[in-house]
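structure.cif follows (mmCIF, C-alpha atoms and all ligand atoms):
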data_target
loop_
_atom_site.label_atom_id
_atom_site.label_comp_id
_atom_site.auth_asym_id
_atom_site.auth_seq_id
_atom_site.Cartn_x
_atom_site.Cartn_y
_atom_site.Cartn_z
CA PRO A 1 23.20 20.12 -20.24
CA THR A 2 21.05 17.77 -22.29
CA ARG A 3 18.69 15.18 -20.83
CA GLU A 4 21.14 12.44 -21.82
CA SER A 5 24.09 14.08 -20.09
CA ILE A 6 22.64 14.10 -16.58
CA HIS A 7 21.09 11.79 -14.02
CA TYR A 8 18.38 13.33 -11.90
CA PHE A 9 17.67 12.22 -8.32
CA GLY A 10 15.03 14.81 -7.41
CA ALA A 11 12.56 13.96 -4.63
CA GLY A 12 9.41 14.97 -6.47
CA PRO A 13 8.54 15.91 -9.05
CA ALA A 14 10.84 13.11 -10.05
CA PRO A 15 12.27 11.72 -13.29
CA LEU A 16 9.98 10.00 -15.78
CA PRO A 17 10.95 7.36 -18.35
CA THR A 18 12.35 9.18 -21.38
CA ALA A 19 10.44 6.93 -23.78
CA VAL A 20 7.13 7.97 -22.18
CA LEU A 21 8.05 11.65 -22.48
CA GLU A 22 9.04 11.21 -26.12
CA GLU A 23 5.67 9.69 -26.89
CA ALA A 24 4.00 12.40 -24.78
CA SER A 25 5.61 15.12 -26.83
CA LYS A 26 3.86 13.66 -29.89
CA VAL A 27 0.41 13.03 -28.41
CA ILE A 28 0.29 16.46 -26.87
CA LEU A 29 0.21 17.80 -30.43
CA ASN A 30 -1.90 15.12 -32.04
CA TYR A 31 -3.56 12.25 -30.18
CA ASN A 32 -4.21 9.07 -32.18
CA ASP A 33 -4.10 10.95 -35.50
CA SER A 34 -7.21 12.89 -34.53
CA GLY A 35 -5.59 16.26 -35.19
CA VAL A 36 -6.36 17.24 -31.60
CA GLY A 37 -3.83 17.06 -28.75
CA ILE A 38 -4.38 14.88 -25.69
CA ALA A 39 -4.59 17.86 -23.33
CA GLU A 40 -7.32 19.28 -25.56
CA ILE A 41 -9.73 16.33 -25.79
CA SER A 42 -12.81 16.07 -23.63
CA HIS A 43 -12.44 14.15 -20.39
CA ARG A 44 -15.79 12.55 -21.30
CA SER A 45 -14.76 11.39 -24.77
CA PRO A 46 -14.45 7.67 -25.61
CA GLU A 47 -10.67 8.20 -25.95
CA ALA A 48 -10.43 9.63 -22.44
CA ASN A 49 -12.55 6.80 -21.08
CA ALA A 50 -10.25 4.24 -22.66
CA ILE A 51 -7.19 5.93 -21.11
CA LEU A 52 -8.84 5.93 -17.68
CA ALA A 53 -9.88 2.28 -18.00
CA ASN A 54 -6.36 1.30 -19.06
CA ALA A 55 -4.79 3.12 -16.11
CA LYS A 56 -7.18 1.40 -13.69
CA SER A 57 -6.62 -2.03 -15.14
CA GLY A 58 -2.84 -1.58 -15.12
CA LEU A 59 -2.92 -0.60 -11.46
CA ARG A 60 -5.17 -3.53 -10.53
CA GLN A 61 -2.75 -5.96 -12.14
CA LEU A 62 0.38 -4.38 -10.70
CA LEU A 63 -0.82 -4.21 -7.11
CA ASP A 64 -3.24 -7.12 -7.15
CA ILE A 65 -6.19 -4.90 -6.22
CA PRO A 66 -9.40 -6.89 -5.70
CA GLU A 67 -12.04 -6.20 -8.38
CA SER A 68 -14.49 -3.42 -7.68
CA GLU A 69 -17.73 -5.41 -7.27
CA GLY A 70 -18.85 -6.44 -3.75
CA PRO A 71 -17.75 -5.61 -0.21
CA ASP A 72 -14.32 -7.19 -0.63
CA GLY A 73 -13.57 -5.08 -3.69
CA TYR A 74 -11.71 -1.79 -3.99
CA GLU A 75 -12.43 1.26 -6.13
CA ILE A 76 -9.64 3.17 -7.82
CA LEU A 77 -10.12 6.93 -7.87
CA PHE A 78 -8.24 9.69 -9.68
CA LEU A 79 -8.40 12.92 -7.77
CA HIS A 80 -7.17 16.51 -7.69
CA GLY A 81 -5.43 18.16 -4.77
CA GLY A 82 -2.23 16.14 -4.40
CA GLY A 83 -1.16 14.15 -1.38
CA SER A 84 -2.01 17.12 0.85
CA GLY A 85 -5.57 17.17 -0.51
CA GLU A 86 -5.88 13.58 0.64
CA PHE A 87 -4.71 14.47 4.16
CA SER A 88 -7.97 16.41 4.38
CA ALA A 89 -10.10 14.04 2.27
CA THR A 90 -9.14 11.17 4.57
CA VAL A 91 -10.45 13.03 7.59
CA TYR A 92 -13.65 14.27 5.94
CA HIS A 93 -14.51 10.82 4.70
CA MET A 94 -13.46 8.58 7.58
CA VAL A 95 -15.23 10.85 10.07
CA SER A 96 -18.41 10.74 7.94
CA VAL A 97 -18.23 6.96 7.79
CA TRP A 98 -17.73 6.86 11.56
CA VAL A 99 -20.83 9.03 12.03
CA ALA A 100 -22.84 6.88 9.58
CA ARG A 101 -21.89 3.71 11.50
CA GLN A 102 -22.72 5.26 14.87
CA MET A 103 -26.10 6.49 13.59
CA LYS A 104 -26.95 3.04 12.30
CA GLN A 105 -26.02 1.46 15.60
CA LEU A 106 -28.04 3.98 17.62
CA THR A 107 -31.09 3.58 15.40
CA GLU A 108 -30.83 -0.21 15.54
CA SER A 109 -30.57 -0.15 19.31
CA GLY A 110 -33.90 1.66 19.45
CA VAL A 111 -32.85 5.30 20.05
CA GLU A 112 -35.67 7.50 18.75
CA GLU A 113 -34.98 9.53 15.62
CA ASP A 114 -35.17 12.95 17.30
CA LYS A 115 -32.75 11.81 19.99
CA VAL A 116 -30.15 10.36 17.64
CA VAL A 117 -28.20 13.58 17.10
CA GLU A 118 -28.14 14.38 20.80
CA LYS A 119 -26.89 10.89 21.61
CA LEU A 120 -24.44 11.07 18.73
CA ARG A 121 -22.94 14.28 20.12
CA GLU A 122 -22.30 12.54 23.45
CA VAL A 123 -20.66 9.53 21.81
CA LEU A 124 -18.63 11.79 19.55
CA GLU A 125 -17.25 13.92 22.36
CA LYS A 126 -16.24 10.94 24.45
CA LYS A 127 -15.23 8.42 21.89
CA MET A 128 -14.27 9.40 18.37
CA LYS A 129 -10.52 8.97 17.86
CA LEU A 130 -8.34 9.40 14.80
CA ASP A 131 -5.14 7.42 15.32
CA TYR A 132 -1.96 8.80 13.72
CA LEU A 133 1.43 7.10 13.56
CA VAL A 134 3.84 10.00 13.35
CA THR A 135 7.07 8.67 11.90
CA GLY A 136 8.22 11.65 9.82
CA SER A 137 7.42 15.09 8.44
CA TRP A 138 4.52 14.01 6.19
CA SER A 139 2.59 11.97 8.74
CA LEU A 140 3.15 14.85 11.16
CA LYS A 141 1.58 17.23 8.64
CA ALA A 142 -1.33 14.87 8.07
CA SER A 143 -1.97 14.65 11.83
CA GLN A 144 -1.87 18.44 12.08
CA GLU A 145 -4.47 18.70 9.34
CA ALA A 146 -6.69 16.25 11.23
CA ALA A 147 -6.35 18.35 14.39
CA ARG A 148 -7.21 21.50 12.41
CA LEU A 149 -10.36 19.88 11.02
CA VAL A 150 -11.79 17.97 13.97
CA GLY A 151 -9.87 19.30 16.99
CA SER A 152 -6.77 17.90 18.62
CA GLU A 153 -8.87 16.22 21.33
CA HIS A 154 -9.93 13.67 18.69
CA VAL A 155 -6.44 13.06 17.33
CA ASN A 156 -4.58 10.27 19.08
CA ILE A 157 -0.85 10.33 18.34
CA VAL A 158 -0.24 6.59 18.58
CA VAL A 159 3.47 7.16 18.39
CA ASP A 160 5.67 10.22 17.89
CA ALA A 161 8.89 8.68 16.61
CA ARG A 162 10.93 11.79 17.51
CA LYS A 163 10.48 11.03 21.20
CA HIS A 164 12.25 7.72 20.73
CA ARG A 165 15.48 9.14 19.40
CA ASN A 166 18.32 11.35 20.61
CA GLY A 167 18.01 14.92 19.42
CA ASN A 168 14.25 14.68 18.99
CA LYS A 169 14.61 13.86 15.28
CA PHE A 170 12.80 11.42 13.03
CA GLY A 171 14.65 8.28 12.00
CA VAL A 172 13.11 5.32 13.82
CA ILE A 173 9.85 3.40 13.91
CA PRO A 174 9.42 2.28 17.52
CA ALA A 175 8.16 -1.26 18.12
CA GLU A 176 4.39 -1.73 18.07
CA ASP A 177 4.28 -2.65 21.77
CA SER A 178 5.17 0.97 22.60
CA TRP A 179 2.25 2.38 20.58
CA SER A 180 -0.94 3.63 22.20
CA GLN A 181 -3.54 2.57 19.66
CA THR A 182 -7.27 2.98 20.17
CA GLN A 183 -8.29 -0.58 20.97
CA ASP A 184 -12.03 -0.38 20.37
CA GLU A 185 -12.77 -0.53 16.65
CA THR A 186 -16.05 1.35 17.05
CA GLU A 187 -14.16 4.33 18.52
CA CYS A 188 -11.37 4.41 15.96
CA ALA A 189 -12.36 6.36 12.86
CA LEU A 190 -9.02 5.67 11.19
CA THR A 191 -5.43 4.60 11.72
CA TYR A 192 -3.12 6.64 9.57
CA TYR A 193 0.46 6.01 8.53
CA CYS A 194 2.87 7.25 5.89
CA ASP A 195 4.51 4.20 4.31
CA ASN A 196 7.58 6.11 3.17
CA GLU A 197 8.63 9.40 4.71
CA THR A 198 10.14 11.34 1.81
CA VAL A 199 11.89 14.00 3.88
CA ASP A 200 13.30 11.76 6.59
CA GLY A 201 14.14 8.60 4.62
CA VAL A 202 12.10 6.29 6.86
CA GLU A 203 10.09 3.43 5.35
CA PHE A 204 7.82 0.87 6.99
CA GLN A 205 9.26 -2.61 6.44
CA SER A 206 5.83 -4.23 6.82
CA THR A 207 2.21 -3.09 7.06
CA PRO A 208 1.41 -1.82 10.55
CA SER A 209 -1.72 -3.02 12.30
CA GLY A 210 -4.66 -0.78 13.13
CA HIS A 211 -8.39 -0.37 12.64
CA ASN A 212 -9.52 1.31 9.43
CA LEU A 213 -5.99 1.60 8.11
CA VAL A 214 -5.21 4.49 5.74
CA ALA A 215 -1.79 4.74 4.07
CA ASP A 216 -0.02 7.58 2.33
CA MET A 217 2.15 5.84 -0.25
CA SER A 218 3.02 8.96 -2.24
CA SER A 219 6.74 8.28 -2.36
CA ASN A 220 7.00 4.49 -2.60
CA PHE A 221 3.91 3.59 -4.64
CA LEU A 222 4.56 0.99 -7.34
CA SER A 223 8.01 0.21 -5.96
CA ARG A 224 7.04 -3.01 -4.15
CA SER A 225 4.11 -5.30 -3.62
CA ILE A 226 1.65 -4.26 -0.94
CA ASN A 227 -1.21 -5.94 0.85
CA VAL A 228 -4.12 -3.83 -0.32
CA ARG A 229 -6.59 -6.00 1.60
CA LYS A 230 -5.22 -4.84 4.97
CA HIS A 231 -6.17 -1.26 4.14
CA ALA A 232 -9.32 0.81 4.21
CA ALA A 233 -7.67 3.28 1.85
CA ILE A 234 -4.35 3.96 0.18
CA PHE A 235 -3.44 7.14 -1.65
CA SER A 236 -0.53 8.49 -3.62
CA GLY A 237 0.28 11.70 -5.44
CA ALA A 238 1.47 10.91 -8.96
CA GLN A 239 4.64 12.96 -9.12
CA LYS A 240 7.13 10.42 -7.77
CA ASN A 241 6.73 6.96 -9.26
CA ILE A 242 3.59 7.28 -11.37
CA GLY A 243 3.73 10.35 -13.53
CA THR A 244 3.27 14.07 -13.72
CA THR A 245 2.01 16.33 -10.94
CA GLY A 246 -1.73 16.85 -11.25
CA ILE A 247 -3.45 13.65 -10.25
CA THR A 248 -3.65 11.68 -7.04
CA ILE A 249 -4.61 8.02 -7.02
CA ALA A 250 -6.70 6.56 -4.21
CA ILE A 251 -7.61 2.92 -3.65
CA ILE A 252 -10.66 2.68 -1.42
CA SER A 253 -12.34 -0.35 0.12
CA ASN A 254 -15.96 -0.76 -0.96
CA LYS A 255 -16.80 -1.25 2.71
CA LEU A 256 -16.11 2.47 3.08
CA LEU A 257 -18.09 3.52 0.05
CA PRO A 258 -21.70 3.11 1.05
CA PRO A 259 -24.24 4.56 -1.36
CA LEU A 260 -24.37 8.35 -0.97
CA THR A 261 -27.84 7.97 0.54
CA GLU A 262 -26.34 6.10 3.49
CA MET A 263 -23.76 8.80 4.25
CA PRO A 264 -24.77 11.31 6.94
CA ASP A 265 -26.72 14.30 5.73
CA PRO A 266 -24.61 17.51 5.79
CA LYS A 267 -27.21 18.94 8.18
CA ILE A 268 -26.24 16.29 10.76
CA MET A 269 -22.53 16.99 10.30
CA ARG A 270 -23.23 20.70 10.85
CA LYS A 271 -25.24 19.98 13.99
CA LEU A 272 -22.35 17.91 15.31
CA GLY A 273 -19.84 20.64 14.49
CA LEU A 274 -17.97 18.29 12.15
CA PRO A 275 -16.36 19.47 8.91
CA ILE A 276 -17.93 18.98 5.50
CA GLY A 277 -15.31 18.66 2.79
CA PRO A 278 -15.29 20.15 -0.70
CA ILE A 279 -17.24 17.98 -3.12
CA VAL A 280 -14.16 17.45 -5.33
CA LEU A 281 -12.47 15.63 -2.44
CA ASP A 282 -15.52 13.51 -1.61
CA TRP A 283 -14.58 9.88 -2.25
CA PRO A 284 -18.14 8.50 -2.72
CA THR A 285 -18.98 11.30 -5.18
CA ILE A 286 -15.80 10.74 -7.17
CA ALA A 287 -16.35 6.96 -7.15
CA LYS A 288 -19.95 7.29 -8.32
CA ASN A 289 -18.80 9.46 -11.22
CA ASN A 290 -15.93 7.21 -12.34
CA SER A 291 -13.48 9.98 -11.34
CA LEU A 292 -15.15 12.35 -13.80
CA TYR A 293 -17.19 14.48 -11.42
CA ASN A 294 -15.24 17.45 -12.74
CA THR A 295 -12.58 17.91 -15.42
CA LEU A 296 -9.85 15.35 -14.91
CA PRO A 297 -6.41 16.09 -16.45
CA ILE A 298 -6.47 13.22 -18.93
CA PHE A 299 -2.93 13.97 -20.07
CA ASP A 300 -1.69 13.12 -16.56
CA VAL A 301 -3.77 9.93 -16.52
CA TRP A 302 -2.31 9.00 -19.91
CA ILE A 303 1.24 9.44 -18.57
CA ALA A 304 0.39 7.28 -15.53
CA SER A 305 -1.12 4.59 -17.76
CA LYS A 306 2.01 4.53 -19.96
CA VAL A 307 4.30 4.29 -16.93
CA MET A 308 2.19 1.39 -15.67
CA ASP A 309 2.15 -0.30 -19.10
CA ARG A 310 5.94 -0.28 -19.07
CA LEU A 311 6.04 -1.85 -15.61
CA LEU A 312 3.57 -4.52 -16.71
CA HIS A 313 5.44 -5.36 -19.88
CA SER A 314 8.81 -5.52 -18.20
CA SER A 315 7.53 -7.90 -15.55
CA SER A 316 6.90 -11.59 -15.77
CA GLY A 317 6.72 -12.38 -12.07
CA SER A 318 3.88 -12.58 -9.67
CA PRO A 319 2.89 -10.14 -8.33
CA ARG A 320 3.48 -8.10 -11.45
CA ILE A 321 5.36 -5.45 -9.53
CA SER A 322 8.08 -7.93 -8.48
CA THR A 323 10.55 -6.99 -11.24
CA GLN A 324 10.42 -3.33 -10.23
CA GLU A 325 10.68 -4.31 -6.58
CA ALA A 326 13.86 -6.31 -7.26
CA GLU A 327 15.37 -3.40 -9.20
CA SER A 328 14.53 -0.88 -6.47
CA ASN A 329 16.12 -3.15 -3.87
CA LYS A 330 19.21 -3.69 -6.00
CA LYS A 331 19.80 0.05 -6.50
CA ALA A 332 19.16 0.86 -2.83
CA THR A 333 21.46 -1.92 -1.60
CA MET A 334 24.26 -0.71 -3.87
CA LEU A 335 23.95 2.90 -2.66
CA TYR A 336 23.65 2.06 1.04
CA SER A 337 26.63 -0.25 0.87
CA ALA A 338 28.81 2.56 -0.56
CA LEU A 339 27.57 4.82 2.22
CA ASP A 340 28.23 2.24 4.93
CA ASN A 341 31.74 1.48 3.65
CA SER A 342 33.02 5.04 3.74
CA SER A 343 34.88 4.89 7.05
CA GLY A 344 32.50 7.40 8.53
CA VAL A 345 32.61 10.04 5.77
CA TYR A 346 28.88 9.50 5.29
CA SER A 347 26.29 8.82 7.95
CA VAL A 348 22.86 7.58 6.96
CA VAL A 349 20.31 9.56 8.95
CA PRO A 350 17.66 6.97 9.92
CA ASP A 351 18.29 3.72 11.77
CA LYS A 352 19.30 0.75 9.63
CA SER A 353 16.08 -1.12 10.40
CA VAL A 354 13.84 1.52 8.80
CA ARG A 355 15.94 2.78 5.89
CA SER A 356 13.92 3.84 2.89
CA ARG A 357 14.66 2.29 -0.50
CA MET A 358 13.28 5.42 -2.16
CA ASN A 359 14.76 8.39 -0.28
CA ILE A 360 18.24 7.89 1.07
CA CYS A 361 19.04 10.64 3.59
CA VAL A 362 22.68 11.21 4.37
CA ARG A 363 24.98 13.61 6.19
CA VAL A 364 28.50 14.17 4.93
CA LYS A 365 31.14 14.41 7.67
CA GLY A 366 28.48 14.64 10.34
CA GLY A 367 26.74 17.56 8.61
CA ASP A 368 29.81 19.72 7.93
CA ALA A 369 28.48 22.53 5.71
CA ASP A 370 31.63 22.84 3.57
CA ALA A 371 31.92 19.09 3.02
CA GLU A 372 28.25 18.83 2.01
CA LYS A 373 28.62 21.76 -0.37
CA ALA A 374 31.71 20.17 -1.89
CA PHE A 375 29.88 16.86 -2.27
CA LEU A 376 26.96 18.47 -4.10
CA LYS A 377 29.25 20.54 -6.29
CA GLY A 378 31.29 17.50 -7.28
CA ALA A 379 28.10 15.57 -8.01
CA GLU A 380 26.76 18.30 -10.27
CA SER A 381 30.02 18.51 -12.18
CA ARG A 382 29.49 14.80 -12.99
CA GLY A 383 25.88 15.36 -14.05
CA LEU A 384 24.42 13.90 -10.85
CA MET A 385 21.64 16.34 -10.05
CA GLY A 386 18.88 16.91 -7.50
CA LEU A 387 20.78 15.55 -4.48
CA LYS A 388 20.25 18.35 -1.98
CA GLY A 389 18.36 17.32 1.16
CA HIS A 390 14.95 18.79 1.99
CA ARG A 391 15.19 22.39 3.18
CA SER A 392 13.85 21.45 6.63
CA VAL A 393 16.57 18.87 7.37
CA GLY A 394 19.52 19.75 5.10
CA GLY A 395 22.22 17.27 4.09
CA VAL A 396 22.02 15.04 1.03
CA ARG A 397 19.03 13.08 -0.21
CA ILE A 398 19.30 10.48 -2.95
CA SER A 399 15.84 9.81 -4.36
CA ASN A 400 15.90 6.37 -5.89
CA TYR A 401 12.54 6.30 -7.64
CA ASN A 402 11.50 3.81 -10.31
CA ALA A 403 12.61 5.90 -13.28
CA VAL A 404 16.16 6.28 -11.95
CA PRO A 405 18.05 3.79 -14.13
CA VAL A 406 20.42 1.21 -12.64
CA GLU A 407 23.32 2.88 -14.46
CA ALA A 408 22.50 6.18 -12.73
CA ALA A 409 22.66 4.45 -9.34
CA GLU A 410 25.94 2.83 -10.42
CA LYS A 411 27.43 6.15 -11.47
CA LEU A 412 26.39 7.75 -8.19
CA THR A 413 27.82 4.80 -6.25
CA ARG A 414 31.19 5.33 -7.95
CA TYR A 415 31.08 9.02 -7.09
CA LEU A 416 30.19 8.24 -3.45
CA GLU A 417 33.23 5.97 -3.27
CA GLU A 418 35.58 8.47 -4.96
CA PHE A 419 34.46 11.37 -2.81
CA ALA A 420 34.88 9.29 0.38
CA LYS A 421 38.40 8.30 -0.65
CA GLU A 422 39.31 11.92 -1.33
CA GLN A 423 38.07 12.92 2.10
CA GLN A 424 40.09 10.24 3.83
CA LYS A 425 43.43 11.37 2.33
N1 LIG T 501 2.94 12.68 1.24
C1 LIG T 501 4.24 12.40 0.93
C2 LIG T 501 4.83 11.12 1.43
C3 LIG T 501 4.98 13.29 0.16
O1 LIG T 501 6.24 13.01 -0.15
C4 LIG T 501 4.36 14.48 -0.28
C5 LIG T 501 5.12 15.44 -1.11
O2 LIG T 501 6.27 15.35 -1.36
C6 LIG T 501 3.04 14.73 0.07
C7 LIG T 501 2.36 13.80 0.82
C8 LIG T 501 2.35 15.98 -0.36
O3 LIG T 501 2.07 15.90 -1.69
P1 LIG T 501 1.50 17.14 -2.53
O4 LIG T 501 2.63 18.10 -2.67
O5 LIG T 501 1.09 16.48 -3.81
O6 LIG T 501 0.36 17.70 -1.79
#

Output the structure of this file as structure tokens.
Amino acid sequence: PTRESIHYFGAGPAPLPTAVLEEASKVILNYNDSGVGIAEISHRSPEANAILANAKSGLRQLLDIPESEGPDGYEILFLHGGGSGEFSATVYHMVSVWVARQMKQLTESGVEEDKVVEKLREVLEKKMKLDYLVTGSWSLKASQEAARLVGSEHVNIVVDARKHRNGNKFGVIPAEDSWSQTQDETECALTYYCDNETVDGVEFQSTPSGHNLVADMSSNFLSRSINVRKHAAIFSGAQKNIGTTGITIAIISNKLLPPLTEMPDPKIMRKLGLPIGPIVLDWPTIAKNNSLYNTLPIFDVWIASKVMDRLLHSSSGSPRISTQEAESNKKATMLYSALDNSSGVYSVVPDKSVRSRMNICVRVKGGDADAEKAFLKGAESRGLMGLKGHRSVGGVRISNYNAVPVEAAEKLTRYLEEFAKEQQK
């Protein structure tokens, strides 16, 4: 098949706008008539700097990210290591910040310097908590990484959504009054949530509350407006809505980026038995070096900046992401309505109140293996590709990312309707 003859609904890596890839195929050979390809230029060259600056400015406009100066500002970082790298980076950093704040408080309350570590150890053992909202497979993984790094006694599972549903499966977000959050801000190193659970098709419909809020937005980034100001940090791997696999974007509050000199010395972290992360995942180091601490894949940043340019130019609303948000909603509504009107041929996995606009998880005939196989086969014969559910849950998953055109969603909707009719005969 050719690119034009198919529609791809893969969950990530995901489709990219064809126009961006066409331009990419040229610049990879020769960037800006320099005779050198974009993947060959130095990450410290003026060209690379301009690409990085453009990507940052595009993101600031799209998501209304407060400017970087001052405590109310946010830094934008480009990192290696994917979403999973940030599961660890989040813990390394938020725990360090927690230690820095505790040390400051102890010193200010008159505890002598040689007693600070001893006192700190006591406070740490009794009080440090990392709050995790477990609403799907990715937040579960993130919480497991936290437990691996700092010990499960410090990880507070605020909610395990599986316990609130028949069959012990993900698919709901229980009401906040059933959560067990750490109330005292000084004890809570972070509150973690995954805004859109890619495997389970569960999406938060509004920002949850919590101290030092960190969000994984890997699979719904740039698909709707968000309230950055409610967050300590937000991160997203690039390979769904932003670009090619290889970079991760993080948006970090300046309140969490004290000068490196104010962060706890590694010696203290070692004495406390707390983990010290790799330098390439260290947010303050990456921020201080304008994301160029080590070699950044500038080609990937270029792709991201082009994807963002397109979103900016196609949008006249405020916030600038509103046009994309309306399109995402339109496609999702169309698909869900075909699924809901199938007289039971399809069943959407998560509850209606938490359905994801990005990853639509479905069972055909209650999970009948032959029916699901037939559905996927029929889809492929029509050029509708990448619809198989995640290996851990099975079924069908329609990933409705930004670069999936409306006509692709329309074509899939027609197929959903046809297949359902066939099954009802
Ligand atoms: N978080 C979410 C929501 C994801 O969907 C994924 C991957 O699909 C990850 C994290 C992990 O990303 P990576 O494979 O880049 O480590």

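Using only C-alpha atoms, the contacts of segment 166-169 of chain A at a cut-off of 12 Å, with sequence neighbours closer than 2 positions omitted, comprise Val134, Thr135, Gly136, Ser137, Asp160, Ala161, Arg162, Lys163, His164, Gly171, Val172, Ile173, Val199, Asp200, Gly201, Val202, Val349, Pro350, Asp351, Ser392 and Val393 of chain A.
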
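For the set A:Ala50, A:Ala233, A:Ile298, A:Met358, the residue with the smallest atom-to-atom gap to ligand LIG 501 (chain T) is A:Met358, counting all atoms listed in the file.
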
Could you make a table, as CSV, of the residues of chain A that have an atom within 9 Å of an atom of ligand LIG 501 (chain T), each with its nearest atom pair and distance in Å to one decimal, counting only C-alpha atoms and all ligand atoms, in chain and number order?
residue,atom,partner,partner_atom,distance
A:Ala11,CA,T:LIG501,O2,7.2
A:Gly12,CA,T:LIG501,O2,6.0
A:Pro13,CA,T:LIG501,O2,8.0
A:Gly81,CA,T:LIG501,O6,6.5
A:Gly82,CA,T:LIG501,O5,3.4
A:Gly83,CA,T:LIG501,O3,3.7
A:Ser84,CA,T:LIG501,O6,3.6
A:Gly85,CA,T:LIG501,O6,6.1
A:Glu86,CA,T:LIG501,O6,7.9
A:Phe87,CA,T:LIG501,C7,7.8
A:Ser137,CA,T:LIG501,C2,8.5
A:Trp138,CA,T:LIG501,N1,5.4
A:Ser139,CA,T:LIG501,N1,7.5
A:Lys141,CA,T:LIG501,C7,8.6
A:Ala142,CA,T:LIG501,C7,8.2
A:Cys194,CA,T:LIG501,C2,6.2
A:Asp195,CA,T:LIG501,C2,7.5
A:Asn196,CA,T:LIG501,C2,6.0
A:Glu197,CA,T:LIG501,C2,5.3
A:Thr198,CA,T:LIG501,O1,4.7
A:Val199,CA,T:LIG501,O1,7.0
A:Asp216,CA,T:LIG501,N1,6.0
A:Met217,CA,T:LIG501,C2,6.2
A:Ser218,CA,T:LIG501,C2,4.6
A:Ser219,CA,T:LIG501,C2,5.1
A:Asn220,CA,T:LIG501,C2,8.1
A:Phe235,CA,T:LIG501,N1,8.9
A:Ser236,CA,T:LIG501,N1,7.3
A:Gly237,CA,T:LIG501,O5,5.1
A:Ala238,CA,T:LIG501,O5,7.6
A:Gln239,CA,T:LIG501,O5,7.3
A:Lys240,CA,T:LIG501,O1,8.1
A:Thr245,CA,T:LIG501,O5,7.2
A:Gly246,CA,T:LIG501,O5,8.0
A:Ile247,CA,T:LIG501,O5,8.4
A:Thr248,CA,T:LIG501,O5,7.5

Can you list, as a VMD selection string, every protein, DNA or RNA residue that comes within 9 Å of Val116 of chain A when you count only C-alpha atoms, leaving out same-chain residues fewer than 4 positions away? chain A and resid 103 106 to 107 111 to 112 120 to 121

Within 6 Å of Gly37 of chain A, counting only C-alpha atoms, which residues qualify if same-chain residues fewer than 6 places away don't, as a PyMOL selection string? chain A and resi 27-31

Need to verify the contact set: Asp184 of chain A, 12 Å, all atoms listed in the file, exclusion of same-chain residues closer than 2 positions in sequence. Can you return it as an MDAnalysis selection string? chainID A and resid 127:131 180:182 186:191 210:212

How would the residues just picked look written out with C-alpha atoms as a tab-separated table (two decimals), in the frame of the given file?
chain	number	residue	atom	x	y	z
A	127	LYS	CA	-15.23	8.42	21.89
A	128	MET	CA	-14.27	9.40	18.37
A	129	LYS	CA	-10.52	8.97	17.86
A	130	LEU	CA	-8.34	9.40	14.80
A	131	ASP	CA	-5.14	7.42	15.32
A	180	SER	CA	-0.94	3.63	22.20
A	181	GLN	CA	-3.54	2.57	19.66
A	182	THR	CA	-7.27	2.98	20.17
A	186	THR	CA	-16.05	1.35	17.05
A	187	GLU	CA	-14.16	4.33	18.52
A	188	CYS	CA	-11.37	4.41	15.96
A	189	ALA	CA	-12.36	6.36	12.86
A	190	LEU	CA	-9.02	5.67	11.19
A	191	THR	CA	-5.43	4.60	11.72
A	210	GLY	CA	-4.66	-0.78	13.13
A	211	HIS	CA	-8.39	-0.37	12.64
A	212	ASN	CA	-9.52	1.31	9.43

With only C-alpha atoms as the counted atoms, please give the residues lying no more than 10 Å from Arg310 of chain A, apart from itself and same-chain residues fewer than 4 positions off, as JSON, numbers by chain. {"A": [17, 19, 20, 58, 305, 306, 314, 315]}

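Atom to atom, atom CA of Lys352 of chain A and atom CA of Arg165 of chain A stand 13.4 Å apart.
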
Considering only C-alpha atoms, give me a table of residues in segment 246-348 of chain A that are at most 12 Å from segment 414-420 of chain A, with the closest atom pair and distance in Å for each, as a Markdown table.
| residue | atom | partner | partner_atom | distance |
| --- | --- | --- | --- | --- |
| A:Met334 | CA | A:Arg414 | CA | 10.1 |
| A:Leu335 | CA | A:Leu416 | CA | 8.3 |
| A:Tyr336 | CA | A:Leu416 | CA | 10.1 |
| A:Ser337 | CA | A:Glu417 | CA | 10.0 |
| A:Ala338 | CA | A:Glu417 | CA | 6.2 |
| A:Leu339 | CA | A:Leu416 | CA | 7.1 |
| A:Asp340 | CA | A:Glu417 | CA | 10.3 |
| A:Asn341 | CA | A:Glu417 | CA | 8.4 |
| A:Ser342 | CA | A:Ala420 | CA | 5.7 |
| A:Ser343 | CA | A:Ala420 | CA | 8.0 |
| A:Gly344 | CA | A:Ala420 | CA | 8.7 |
| A:Val345 | CA | A:Ala420 | CA | 5.9 |
| A:Tyr346 | CA | A:Ala420 | CA | 7.8 |
| A:Ser347 | CA | A:Ala420 | CA | 11.5 |

With C-alpha atoms kept, could you save the residues just selected as an mmCIF file, keeping the file's coordinate frame?
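Generated output (part_34.cif):
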data_model
loop_
_atom_site.group_PDB
_atom_site.id
_atom_site.type_symbol
_atom_site.label_atom_id
_atom_site.label_comp_id
_atom_site.auth_asym_id
_atom_site.auth_seq_id
_atom_site.Cartn_x
_atom_site.Cartn_y
_atom_site.Cartn_z
ATOM 1 C CA MET A 334 24.260 -0.710 -3.870
ATOM 2 C CA LEU A 335 23.950 2.900 -2.660
ATOM 3 C CA TYR A 336 23.650 2.060 1.040
ATOM 4 C CA SER A 337 26.630 -0.250 0.870
ATOM 5 C CA ALA A 338 28.810 2.560 -0.560
ATOM 6 C CA LEU A 339 27.570 4.820 2.220
ATOM 7 C CA ASP A 340 28.230 2.240 4.930
ATOM 8 C CA ASN A 341 31.740 1.480 3.650
ATOM 9 C CA SER A 342 33.020 5.040 3.740
ATOM 10 C CA SER A 343 34.880 4.890 7.050
ATOM 11 C CA GLY A 344 32.500 7.400 8.530
ATOM 12 C CA VAL A 345 32.610 10.040 5.770
ATOM 13 C CA TYR A 346 28.880 9.500 5.290
ATOM 14 C CA SER A 347 26.290 8.820 7.950
#
